[in-house]
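> Please see the structure below; I have some questions.
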Amino acid sequence: MKAVLLKRPGGPDQLYIGTCRRPRPKKDELLVRVEATALNRADLLQREGRYPPPKGAPEILGLEMAGVVEQVGKDVTAWKAGDRVFGLLAGGGYAEYAVIHQDMAMRIPDNLSFEEAAALPEAFLTAFQALYWLGQLRAGERVLIHAGGSGVGTAAIQIVRAAGAHAFITASPSKHGLCRELGAELTINYHEEDFAERVRKATKGRGVDLILDFIGAPYLERNLQALARDGRLVLLATLGGSRLDRLDLRLLFQKRARMIASTLRDRELDYKIRLTKEVASLLNYLLQEGRVRPVIDTVYNWVNVADAHRRMEANRNAGKIVLRITRD
């Protein structure tokens, strides 16, 4: 099969479409003919050699896909060839074919294209895990979402709104309109404004109940300042850096704050299956009700994968960047 391969760790110019062995499904797996996949920050880090795939995962980039079942393993009973599926992968999405465990696959709603379906898994599973399983989101709470214009950010805004809670976001000004359209009630220009101060003013000094953060060290102190008493801070990445010169731990005690750090890609299969099943049920309902939608920034032909990576590196995307898999 053809796949996006890497000459050597480095920039987008190291990506090329080459030939490699087609994966074979195990007894409990599906072989899927991939029609679309989507970019994630983890892809950029892996391309640079800074985020190796978990043990046993494909070396090929790509953490999500949408396509058509080509073949099923001998123990698979719920799926058949021809079914339209989408789902989260540990790797291998940038290819003509990928394998996925039968319980990790979700059925594509009839009204969604492959490109739309490919934009859903990583964003919504990550956001749901962070908001509900880790952040214990409740109706009426205020939630600050950093990188509100990202794939996970746009998913999180919609989930917060659907939960009857209130979404505040930080993002570049060009992304504020989209975030407000999705349900953000307060949009903060992190380039020019102190988000902790904006949050305190908007909440009359109380702060927010939950924060989703991808930035890490540079935001930690201000995140704690922005939290309400008994607030929760969920760390999903350290894109801005991982090391602190200093931190007054008394802030944690003053707020009685809880900090939780989490990854999803290297979670055990059973964990990801439970998460997938819970999200699939909720997502199908919310999609049918029109309360959430896939947010796509751009769709690239996969032959232009390097340009897609450059767009994400430049932080120009609002929502997901999708790759359409074309065949000769």
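Note on naming: chains are A, B, ... as they come in the structure tokens, residues start from 1 per chain, ligands start from 1 in the order shown.
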For the structure I just gave you, how does DSSP split range 19-115 of chain A - specifically, which residues are strand (DSSP E or B)? Reply as a PDB file with all heavy atoms, in the first residue's frame.


ATOM      1  N   THR A  19       5.836   3.433  -0.537  1.00  0.00           N
ATOM      2  CA  THR A  19       5.176   2.124  -0.477  1.00  0.00           C
ATOM      3  C   THR A  19       5.667   1.343   0.732  1.00  0.00           C
ATOM      4  O   THR A  19       6.861   1.354   1.045  1.00  0.00           O
ATOM      5  CB  THR A  19       5.459   1.327  -1.757  1.00  0.00           C
ATOM      6  OG1 THR A  19       5.000   2.092  -2.888  1.00  0.00           O
ATOM      7  CG2 THR A  19       4.732  -0.011  -1.740  1.00  0.00           C
ATOM      8  N   GLU A  29      -9.713  -7.531  14.934  1.00  0.00           N
ATOM      9  CA  GLU A  29      -9.481  -6.237  14.295  1.00  0.00           C
ATOM     10  C   GLU A  29     -10.172  -6.131  12.946  1.00  0.00           C
ATOM     11  O   GLU A  29     -10.544  -7.140  12.319  1.00  0.00           O
ATOM     12  CB  GLU A  29      -7.980  -5.996  14.105  1.00  0.00           C
ATOM     13  CG  GLU A  29      -7.216  -5.775  15.394  1.00  0.00           C
ATOM     14  CD  GLU A  29      -5.742  -5.514  15.160  1.00  0.00           C
ATOM     15  OE1 GLU A  29      -5.194  -5.987  14.128  1.00  0.00           O
ATOM     16  OE2 GLU A  29      -5.125  -4.843  16.009  1.00  0.00           O
ATOM     17  N   LEU A  30     -10.304  -4.890  12.486  1.00  0.00           N
ATOM     18  CA  LEU A  30     -10.815  -4.574  11.158  1.00  0.00           C
ATOM     19  C   LEU A  30      -9.683  -4.022  10.307  1.00  0.00           C
ATOM     20  O   LEU A  30      -8.869  -3.234  10.793  1.00  0.00           O
ATOM     21  CB  LEU A  30     -11.918  -3.511  11.234  1.00  0.00           C
ATOM     22  CG  LEU A  30     -13.001  -3.638  12.294  1.00  0.00           C
ATOM     23  CD1 LEU A  30     -13.914  -2.403  12.229  1.00  0.00           C
ATOM     24  CD2 LEU A  30     -13.791  -4.911  12.127  1.00  0.00           C
ATOM     25  N   LEU A  31      -9.638  -4.410   9.053  1.00  0.00           N
ATOM     26  CA  LEU A  31      -8.786  -3.731   8.077  1.00  0.00           C
ATOM     27  C   LEU A  31      -9.667  -2.714   7.375  1.00  0.00           C
ATOM     28  O   LEU A  31     -10.700  -3.060   6.785  1.00  0.00           O
ATOM     29  CB  LEU A  31      -8.213  -4.719   7.062  1.00  0.00           C
ATOM     30  CG  LEU A  31      -7.383  -4.081   5.939  1.00  0.00           C
ATOM     31  CD1 LEU A  31      -6.089  -3.495   6.486  1.00  0.00           C
ATOM     32  CD2 LEU A  31      -7.088  -5.090   4.822  1.00  0.00           C
ATOM     33  N   VAL A  32      -9.274  -1.445   7.448  1.00  0.00           N
ATOM     34  CA  VAL A  32     -10.089  -0.355   6.913  1.00  0.00           C
ATOM     35  C   VAL A  32      -9.376   0.295   5.734  1.00  0.00           C
ATOM     36  O   VAL A  32      -8.182   0.608   5.808  1.00  0.00           O
ATOM     37  CB  VAL A  32     -10.370   0.703   8.001  1.00  0.00           C
ATOM     38  CG1 VAL A  32     -11.191   1.860   7.427  1.00  0.00           C
ATOM     39  CG2 VAL A  32     -11.099   0.077   9.188  1.00  0.00           C
ATOM     40  N   ARG A  33     -10.114   0.469   4.663  1.00  0.00           N
ATOM     41  CA  ARG A  33      -9.628   1.261   3.530  1.00  0.00           C
ATOM     42  C   ARG A  33      -9.826   2.729   3.910  1.00  0.00           C
ATOM     43  O   ARG A  33     -10.959   3.219   3.987  1.00  0.00           O
ATOM     44  CB  ARG A  33     -10.417   0.908   2.273  1.00  0.00           C
ATOM     45  CG  ARG A  33     -10.094   1.751   1.042  1.00  0.00           C
ATOM     46  CD  ARG A  33     -11.065   1.394  -0.077  1.00  0.00           C
ATOM     47  NE  ARG A  33     -11.044   2.362  -1.151  1.00  0.00           N
ATOM     48  CZ  ARG A  33     -10.439   2.190  -2.318  1.00  0.00           C
ATOM     49  NH1 ARG A  33      -9.798   1.070  -2.558  1.00  0.00           N
ATOM     50  NH2 ARG A  33     -10.490   3.132  -3.236  1.00  0.00           N
ATOM     51  N   VAL A  34      -8.741   3.420   4.190  1.00  0.00           N
ATOM     52  CA  VAL A  34      -8.817   4.786   4.720  1.00  0.00           C
ATOM     53  C   VAL A  34      -9.176   5.763   3.599  1.00  0.00           C
ATOM     54  O   VAL A  34      -8.550   5.771   2.533  1.00  0.00           O
ATOM     55  CB  VAL A  34      -7.479   5.187   5.368  1.00  0.00           C
ATOM     56  CG1 VAL A  34      -7.558   6.614   5.910  1.00  0.00           C
ATOM     57  CG2 VAL A  34      -7.115   4.220   6.504  1.00  0.00           C
ATOM     58  N   GLU A  35     -10.178   6.584   3.867  1.00  0.00           N
ATOM     59  CA  GLU A  35     -10.591   7.622   2.928  1.00  0.00           C
ATOM     60  C   GLU A  35     -10.138   9.015   3.385  1.00  0.00           C
ATOM     61  O   GLU A  35      -9.931   9.901   2.563  1.00  0.00           O
ATOM     62  CB  GLU A  35     -12.109   7.606   2.758  1.00  0.00           C
ATOM     63  CG  GLU A  35     -12.667   6.306   2.187  1.00  0.00           C
ATOM     64  CD  GLU A  35     -12.239   6.051   0.750  1.00  0.00           C
ATOM     65  OE1 GLU A  35     -11.893   7.031   0.051  1.00  0.00           O
ATOM     66  OE2 GLU A  35     -12.242   4.885   0.321  1.00  0.00           O
ATOM     67  N   ALA A  36      -9.992   9.192   4.689  1.00  0.00           N
ATOM     68  CA  ALA A  36      -9.557  10.489   5.227  1.00  0.00           C
ATOM     69  C   ALA A  36      -8.926  10.285   6.594  1.00  0.00           C
ATOM     70  O   ALA A  36      -9.279   9.359   7.329  1.00  0.00           O
ATOM     71  CB  ALA A  36     -10.730  11.454   5.325  1.00  0.00           C
ATOM     72  N   THR A  37      -7.993  11.154   6.915  1.00  0.00           N
ATOM     73  CA  THR A  37      -7.381  11.188   8.232  1.00  0.00           C
ATOM     74  C   THR A  37      -7.230  12.660   8.613  1.00  0.00           C
ATOM     75  O   THR A  37      -7.621  13.539   7.846  1.00  0.00           O
ATOM     76  CB  THR A  37      -6.028  10.449   8.239  1.00  0.00           C
ATOM     77  OG1 THR A  37      -5.506  10.398   9.579  1.00  0.00           O
ATOM     78  CG2 THR A  37      -5.014  11.131   7.336  1.00  0.00           C
ATOM     79  N   ALA A  38      -6.718  12.929   9.807  1.00  0.00           N
ATOM     80  CA  ALA A  38      -6.605  14.324  10.247  1.00  0.00           C
ATOM     81  C   ALA A  38      -5.320  14.519  11.031  1.00  0.00           C
ATOM     82  O   ALA A  38      -4.766  13.568  11.598  1.00  0.00           O
ATOM     83  CB  ALA A  38      -7.812  14.717  11.096  1.00  0.00           C
ATOM     84  N   GLU A  64      -6.021   9.077  13.802  1.00  0.00           N
ATOM     85  CA  GLU A  64      -7.454   8.906  13.574  1.00  0.00           C
ATOM     86  C   GLU A  64      -7.704   8.694  12.090  1.00  0.00           C
ATOM     87  O   GLU A  64      -6.866   9.032  11.248  1.00  0.00           O
ATOM     88  CB  GLU A  64      -8.231  10.125  14.075  1.00  0.00           C
ATOM     89  CG  GLU A  64      -7.752  11.455  13.504  1.00  0.00           C
ATOM     90  CD  GLU A  64      -8.251  12.642  14.301  1.00  0.00           C
ATOM     91  OE1 GLU A  64      -9.344  12.562  14.896  1.00  0.00           O
ATOM     92  OE2 GLU A  64      -7.546  13.676  14.334  1.00  0.00           O
ATOM     93  N   MET A  65      -8.842   8.118  11.784  1.00  0.00           N
ATOM     94  CA  MET A  65      -9.151   7.863  10.373  1.00  0.00           C
ATOM     95  C   MET A  65     -10.644   7.644  10.211  1.00  0.00           C
ATOM     96  O   MET A  65     -11.378   7.383  11.166  1.00  0.00           O
ATOM     97  CB  MET A  65      -8.372   6.649   9.858  1.00  0.00           C
ATOM     98  CG  MET A  65      -8.684   5.323  10.528  1.00  0.00           C
ATOM     99  SD  MET A  65     -10.169   4.527   9.894  1.00  0.00           S
ATOM    100  CE  MET A  65     -10.667   3.542  11.302  1.00  0.00           C
ATOM    101  N   ALA A  66     -11.068   7.724   8.949  1.00  0.00           N
ATOM    102  CA  ALA A  66     -12.420   7.351   8.549  1.00  0.00           C
ATOM    103  C   ALA A  66     -12.309   6.615   7.227  1.00  0.00           C
ATOM    104  O   ALA A  66     -11.505   6.986   6.369  1.00  0.00           O
ATOM    105  CB  ALA A  66     -13.307   8.580   8.404  1.00  0.00           C
ATOM    106  N   GLY A  67     -13.100   5.560   7.073  1.00  0.00           N
ATOM    107  CA  GLY A  67     -13.013   4.786   5.845  1.00  0.00           C
ATOM    108  C   GLY A  67     -14.039   3.666   5.799  1.00  0.00           C
ATOM    109  O   GLY A  67     -15.065   3.706   6.496  1.00  0.00           O
ATOM    110  N   VAL A  68     -13.748   2.670   4.985  1.00  0.00           N
ATOM    111  CA  VAL A  68     -14.668   1.556   4.731  1.00  0.00           C
ATOM    112  C   VAL A  68     -13.991   0.245   5.121  1.00  0.00           C
ATOM    113  O   VAL A  68     -12.834   0.015   4.764  1.00  0.00           O
ATOM    114  CB  VAL A  68     -15.073   1.515   3.236  1.00  0.00           C
ATOM    115  CG1 VAL A  68     -16.013   0.351   2.975  1.00  0.00           C
ATOM    116  CG2 VAL A  68     -15.719   2.824   2.819  1.00  0.00           C
ATOM    117  N   VAL A  69     -14.723  -0.595   5.853  1.00  0.00           N
ATOM    118  CA  VAL A  69     -14.177  -1.883   6.266  1.00  0.00           C
ATOM    119  C   VAL A  69     -13.895  -2.733   5.027  1.00  0.00           C
ATOM    120  O   VAL A  69     -14.780  -2.963   4.198  1.00  0.00           O
ATOM    121  CB  VAL A  69     -15.136  -2.623   7.212  1.00  0.00           C
ATOM    122  CG1 VAL A  69     -14.587  -4.018   7.540  1.00  0.00           C
ATOM    123  CG2 VAL A  69     -15.360  -1.829   8.484  1.00  0.00           C
ATOM    124  N   GLU A  70     -12.647  -3.168   4.903  1.00  0.00           N
ATOM    125  CA  GLU A  70     -12.223  -4.003   3.786  1.00  0.00           C
ATOM    126  C   GLU A  70     -12.262  -5.480   4.160  1.00  0.00           C
ATOM    127  O   GLU A  70     -12.615  -6.339   3.340  1.00  0.00           O
ATOM    128  CB  GLU A  70     -10.788  -3.606   3.391  1.00  0.00           C
ATOM    129  CG  GLU A  70     -10.227  -4.358   2.204  1.00  0.00           C
ATOM    130  CD  GLU A  70     -10.545  -3.706   0.876  1.00  0.00           C
ATOM    131  OE1 GLU A  70     -11.246  -2.664   0.869  1.00  0.00           O
ATOM    132  OE2 GLU A  70     -10.102  -4.226  -0.154  1.00  0.00           O
ATOM    133  N   GLN A  71     -11.894  -5.774   5.396  1.00  0.00           N
ATOM    134  CA  GLN A  71     -11.786  -7.171   5.846  1.00  0.00           C
ATOM    135  C   GLN A  71     -11.942  -7.205   7.359  1.00  0.00           C
ATOM    136  O   GLN A  71     -11.560  -6.259   8.056  1.00  0.00           O
ATOM    137  CB  GLN A  71     -10.405  -7.720   5.443  1.00  0.00           C
ATOM    138  CG  GLN A  71     -10.128  -9.158   5.838  1.00  0.00           C
ATOM    139  CD  GLN A  71      -8.694  -9.565   5.499  1.00  0.00           C
ATOM    140  OE1 GLN A  71      -8.018  -8.867   4.739  1.00  0.00           O
ATOM    141  NE2 GLN A  71      -8.236 -10.665   6.058  1.00  0.00           N
ATOM    142  N   VAL A  72     -12.513  -8.289   7.882  1.00  0.00           N
ATOM    143  CA  VAL A  72     -12.673  -8.420   9.334  1.00  0.00           C
ATOM    144  C   VAL A  72     -11.938  -9.661   9.821  1.00  0.00           C
ATOM    145  O   VAL A  72     -11.828 -10.670   9.107  1.00  0.00           O
ATOM    146  CB  VAL A  72     -14.156  -8.505   9.744  1.00  0.00           C
ATOM    147  CG1 VAL A  72     -14.901  -7.249   9.309  1.00  0.00           C
ATOM    148  CG2 VAL A  72     -14.818  -9.744   9.183  1.00  0.00           C
ATOM    149  N   ARG A  84     -19.103   1.687   6.943  1.00  0.00           N
ATOM    150  CA  ARG A  84     -18.360   2.955   7.075  1.00  0.00           C
ATOM    151  C   ARG A  84     -18.025   3.179   8.547  1.00  0.00           C
ATOM    152  O   ARG A  84     -18.930   3.227   9.388  1.00  0.00           O
ATOM    153  CB  ARG A  84     -19.183   4.126   6.542  1.00  0.00           C
ATOM    154  CG  ARG A  84     -19.513   4.022   5.067  1.00  0.00           C
ATOM    155  CD  ARG A  84     -19.981   5.323   4.451  1.00  0.00           C
ATOM    156  NE  ARG A  84     -20.700   6.213   5.364  1.00  0.00           N
ATOM    157  CZ  ARG A  84     -20.628   7.552   5.306  1.00  0.00           C
ATOM    158  NH1 ARG A  84     -19.871   8.136   4.403  1.00  0.00           N
ATOM    159  NH2 ARG A  84     -21.322   8.291   6.154  1.00  0.00           N
ATOM    160  N   VAL A  85     -16.744   3.324   8.854  1.00  0.00           N
ATOM    161  CA  VAL A  85     -16.321   3.452  10.248  1.00  0.00           C
ATOM    162  C   VAL A  85     -15.313   4.589  10.401  1.00  0.00           C
ATOM    163  O   VAL A  85     -14.661   5.002   9.449  1.00  0.00           O
ATOM    164  CB  VAL A  85     -15.687   2.140  10.769  1.00  0.00           C
ATOM    165  CG1 VAL A  85     -16.695   1.004  10.739  1.00  0.00           C
ATOM    166  CG2 VAL A  85     -14.438   1.780   9.989  1.00  0.00           C
ATOM    167  N   PHE A  86     -15.209   5.074  11.646  1.00  0.00           N
ATOM    168  CA  PHE A  86     -14.165   6.031  11.994  1.00  0.00           C
ATOM    169  C   PHE A  86     -13.688   5.694  13.393  1.00  0.00           C
ATOM    170  O   PHE A  86     -14.368   4.984  14.141  1.00  0.00           O
ATOM    171  CB  PHE A  86     -14.655   7.471  11.890  1.00  0.00           C
ATOM    172  CG  PHE A  86     -15.693   7.881  12.898  1.00  0.00           C
ATOM    173  CD1 PHE A  86     -15.425   8.876  13.829  1.00  0.00           C
ATOM    174  CD2 PHE A  86     -16.979   7.316  12.921  1.00  0.00           C
ATOM    175  CE1 PHE A  86     -16.380   9.288  14.749  1.00  0.00           C
ATOM    176  CE2 PHE A  86     -17.936   7.729  13.834  1.00  0.00           C
ATOM    177  CZ  PHE A  86     -17.637   8.717  14.756  1.00  0.00           C
ATOM    178  N   GLY A  87     -12.499   6.194  13.751  1.00  0.00           N
ATOM    179  CA  GLY A  87     -12.022   5.873  15.079  1.00  0.00           C
ATOM    180  C   GLY A  87     -10.631   6.386  15.365  1.00  0.00           C
ATOM    181  O   GLY A  87      -9.928   6.913  14.492  1.00  0.00           O
ATOM    182  N   LEU A  88     -10.253   6.204  16.619  1.00  0.00           N
ATOM    183  CA  LEU A  88      -8.959   6.617  17.144  1.00  0.00           C
ATOM    184  C   LEU A  88      -7.941   5.509  16.929  1.00  0.00           C
ATOM    185  O   LEU A  88      -8.245   4.326  17.108  1.00  0.00           O
ATOM    186  CB  LEU A  88      -9.106   6.909  18.637  1.00  0.00           C
ATOM    187  CG  LEU A  88      -7.945   7.558  19.379  1.00  0.00           C
ATOM    188  CD1 LEU A  88      -7.782   9.008  18.952  1.00  0.00           C
ATOM    189  CD2 LEU A  88      -8.208   7.481  20.892  1.00  0.00           C
ATOM    190  N   ALA A  95      -2.292   6.543   5.683  1.00  0.00           N
ATOM    191  CA  ALA A  95      -2.027   5.396   4.803  1.00  0.00           C
ATOM    192  C   ALA A  95      -3.304   4.990   4.088  1.00  0.00           C
ATOM    193  O   ALA A  95      -4.410   5.383   4.477  1.00  0.00           O
ATOM    194  CB  ALA A  95      -1.482   4.229   5.617  1.00  0.00           C
ATOM    195  N   TYR A  97      -4.475   1.993   4.029  1.00  0.00           N
ATOM    196  CA  TYR A  97      -5.153   1.006   4.869  1.00  0.00           C
ATOM    197  C   TYR A  97      -4.641   1.107   6.298  1.00  0.00           C
ATOM    198  O   TYR A  97      -3.463   1.419   6.533  1.00  0.00           O
ATOM    199  CB  TYR A  97      -4.927  -0.414   4.348  1.00  0.00           C
ATOM    200  CG  TYR A  97      -5.548  -0.672   2.995  1.00  0.00           C
ATOM    201  CD1 TYR A  97      -4.832  -0.446   1.826  1.00  0.00           C
ATOM    202  CD2 TYR A  97      -6.860  -1.136   2.883  1.00  0.00           C
ATOM    203  CE1 TYR A  97      -5.405  -0.668   0.578  1.00  0.00           C
ATOM    204  CE2 TYR A  97      -7.437  -1.360   1.640  1.00  0.00           C
ATOM    205  CZ  TYR A  97      -6.705  -1.120   0.497  1.00  0.00           C
ATOM    206  OH  TYR A  97      -7.282  -1.336  -0.732  1.00  0.00           O
ATOM    207  N   ALA A  98      -5.533   0.841   7.250  1.00  0.00           N
ATOM    208  CA  ALA A  98      -5.154   0.828   8.660  1.00  0.00           C
ATOM    209  C   ALA A  98      -5.970  -0.248   9.366  1.00  0.00           C
ATOM    210  O   ALA A  98      -7.053  -0.641   8.898  1.00  0.00           O
ATOM    211  CB  ALA A  98      -5.414   2.186   9.315  1.00  0.00           C
ATOM    212  N   VAL A  99      -5.457  -0.741  10.478  1.00  0.00           N
ATOM    213  CA  VAL A  99      -6.207  -1.699  11.280  1.00  0.00           C
ATOM    214  C   VAL A  99      -6.660  -1.024  12.569  1.00  0.00           C
ATOM    215  O   VAL A  99      -5.978  -0.151  13.104  1.00  0.00           O
ATOM    216  CB  VAL A  99      -5.379  -2.965  11.604  1.00  0.00           C
ATOM    217  CG1 VAL A  99      -5.121  -3.775  10.346  1.00  0.00           C
ATOM    218  CG2 VAL A  99      -4.078  -2.626  12.305  1.00  0.00           C
ATOM    219  N   ILE A 100      -7.824  -1.452  13.051  1.00  0.00           N
ATOM    220  CA  ILE A 100      -8.384  -0.914  14.283  1.00  0.00           C
ATOM    221  C   ILE A 100      -9.113  -2.025  15.016  1.00  0.00           C
ATOM    222  O   ILE A 100      -9.744  -2.894  14.380  1.00  0.00           O
ATOM    223  CB  ILE A 100      -9.337   0.270  13.971  1.00  0.00           C
ATOM    224  CG1 ILE A 100      -9.817   0.951  15.251  1.00  0.00           C
ATOM    225  CG2 ILE A 100     -10.524  -0.180  13.127  1.00  0.00           C
ATOM    226  CD1 ILE A 100     -10.570   2.260  15.017  1.00  0.00           C
ATOM    227  N   HIS A 101      -9.003  -2.045  16.340  1.00  0.00           N
ATOM    228  CA  HIS A 101      -9.730  -3.031  17.137  1.00  0.00           C
ATOM    229  C   HIS A 101     -11.222  -2.842  16.918  1.00  0.00           C
ATOM    230  O   HIS A 101     -11.713  -1.712  16.808  1.00  0.00           O
ATOM    231  CB  HIS A 101      -9.379  -2.864  18.613  1.00  0.00           C
ATOM    232  CG  HIS A 101      -9.884  -3.958  19.487  1.00  0.00           C
ATOM    233  ND1 HIS A 101     -11.190  -4.028  19.925  1.00  0.00           N
ATOM    234  CD2 HIS A 101      -9.261  -5.063  19.991  1.00  0.00           C
ATOM    235  CE1 HIS A 101     -11.359  -5.097  20.672  1.00  0.00           C
ATOM    236  NE2 HIS A 101     -10.198  -5.752  20.732  1.00  0.00           N
ATOM    237  N   ALA A 105     -13.796   0.977  16.838  1.00  0.00           N
ATOM    238  CA  ALA A 105     -14.425   1.534  15.641  1.00  0.00           C
ATOM    239  C   ALA A 105     -15.807   2.089  15.982  1.00  0.00           C
ATOM    240  O   ALA A 105     -16.537   1.520  16.797  1.00  0.00           O
ATOM    241  CB  ALA A 105     -14.533   0.479  14.554  1.00  0.00           C
ATOM    242  N   MET A 106     -16.154   3.198  15.357  1.00  0.00           N
ATOM    243  CA  MET A 106     -17.481   3.800  15.502  1.00  0.00           C
ATOM    244  C   MET A 106     -18.113   3.923  14.123  1.00  0.00           C
ATOM    245  O   MET A 106     -17.422   4.154  13.127  1.00  0.00           O
ATOM    246  CB  MET A 106     -17.365   5.182  16.157  1.00  0.00           C
ATOM    247  CG  MET A 106     -16.817   5.163  17.572  1.00  0.00           C
ATOM    248  SD  MET A 106     -16.604   6.825  18.309  1.00  0.00           S
ATOM    249  CE  MET A 106     -15.053   7.325  17.526  1.00  0.00           C
ATOM    250  N   ARG A 107     -19.429   3.785  14.087  1.00  0.00           N
ATOM    251  CA  ARG A 107     -20.135   3.849  12.808  1.00  0.00           C
ATOM    252  C   ARG A 107     -20.311   5.299  12.377  1.00  0.00           C
ATOM    253  O   ARG A 107     -20.717   6.150  13.177  1.00  0.00           O
ATOM    254  CB  ARG A 107     -21.493   3.165  12.922  1.00  0.00           C
ATOM    255  CG  ARG A 107     -22.172   2.878  11.573  1.00  0.00           C
ATOM    256  CD  ARG A 107     -23.452   2.082  11.773  1.00  0.00           C
ATOM    257  NE  ARG A 107     -23.212   0.830  12.477  1.00  0.00           N
ATOM    258  CZ  ARG A 107     -22.774  -0.301  11.909  1.00  0.00           C
ATOM    259  NH1 ARG A 107     -22.527  -0.312  10.611  1.00  0.00           N
ATOM    260  NH2 ARG A 107     -22.598  -1.388  12.628  1.00  0.00           N
TER     261      ARG A 107
END

> Per DSSP on the backbone, what are the alpha helix (DSSP H) residues of range 64-228 of chain A, as a ChimeraX atom specification?

/A:114-118,121-128,151-162,176-182,195-202,217-226

> Identify which of the residues A:Tyr190, A:Phe124, A:Phe168, A:Phe195 lies closest to Lys320 in chain A, counting only C-alpha atoms when measuring atom-to-atom distances.

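Selected residue with least distance to Lys320 in chain A: A:Phe124.
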
> Given only C-alpha atoms as the basis, pick out the residue of A:Lys201, A:Lys7, A:Lys2, A:Lys55 nearest to Arg22 in chain A.

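Closest to Arg22 in chain A, using only C-alpha atoms: A:Lys2.
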
> Nearest to His191 in chain A among A:Val160, A:Leu224, A:Ala147, A:Met312, with distances taken over only C-alpha atoms: which residue is it?

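With only C-alpha atoms as the atom set, the closest residue is A:Ala147.
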
> Nearest residue to Cys20 in chain A out of A:Val303, A:Ile60, A:Leu251, A:Ala257, using only C-alpha atoms?

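Smallest separation from Cys20 in chain A among the options: A:Ile60.
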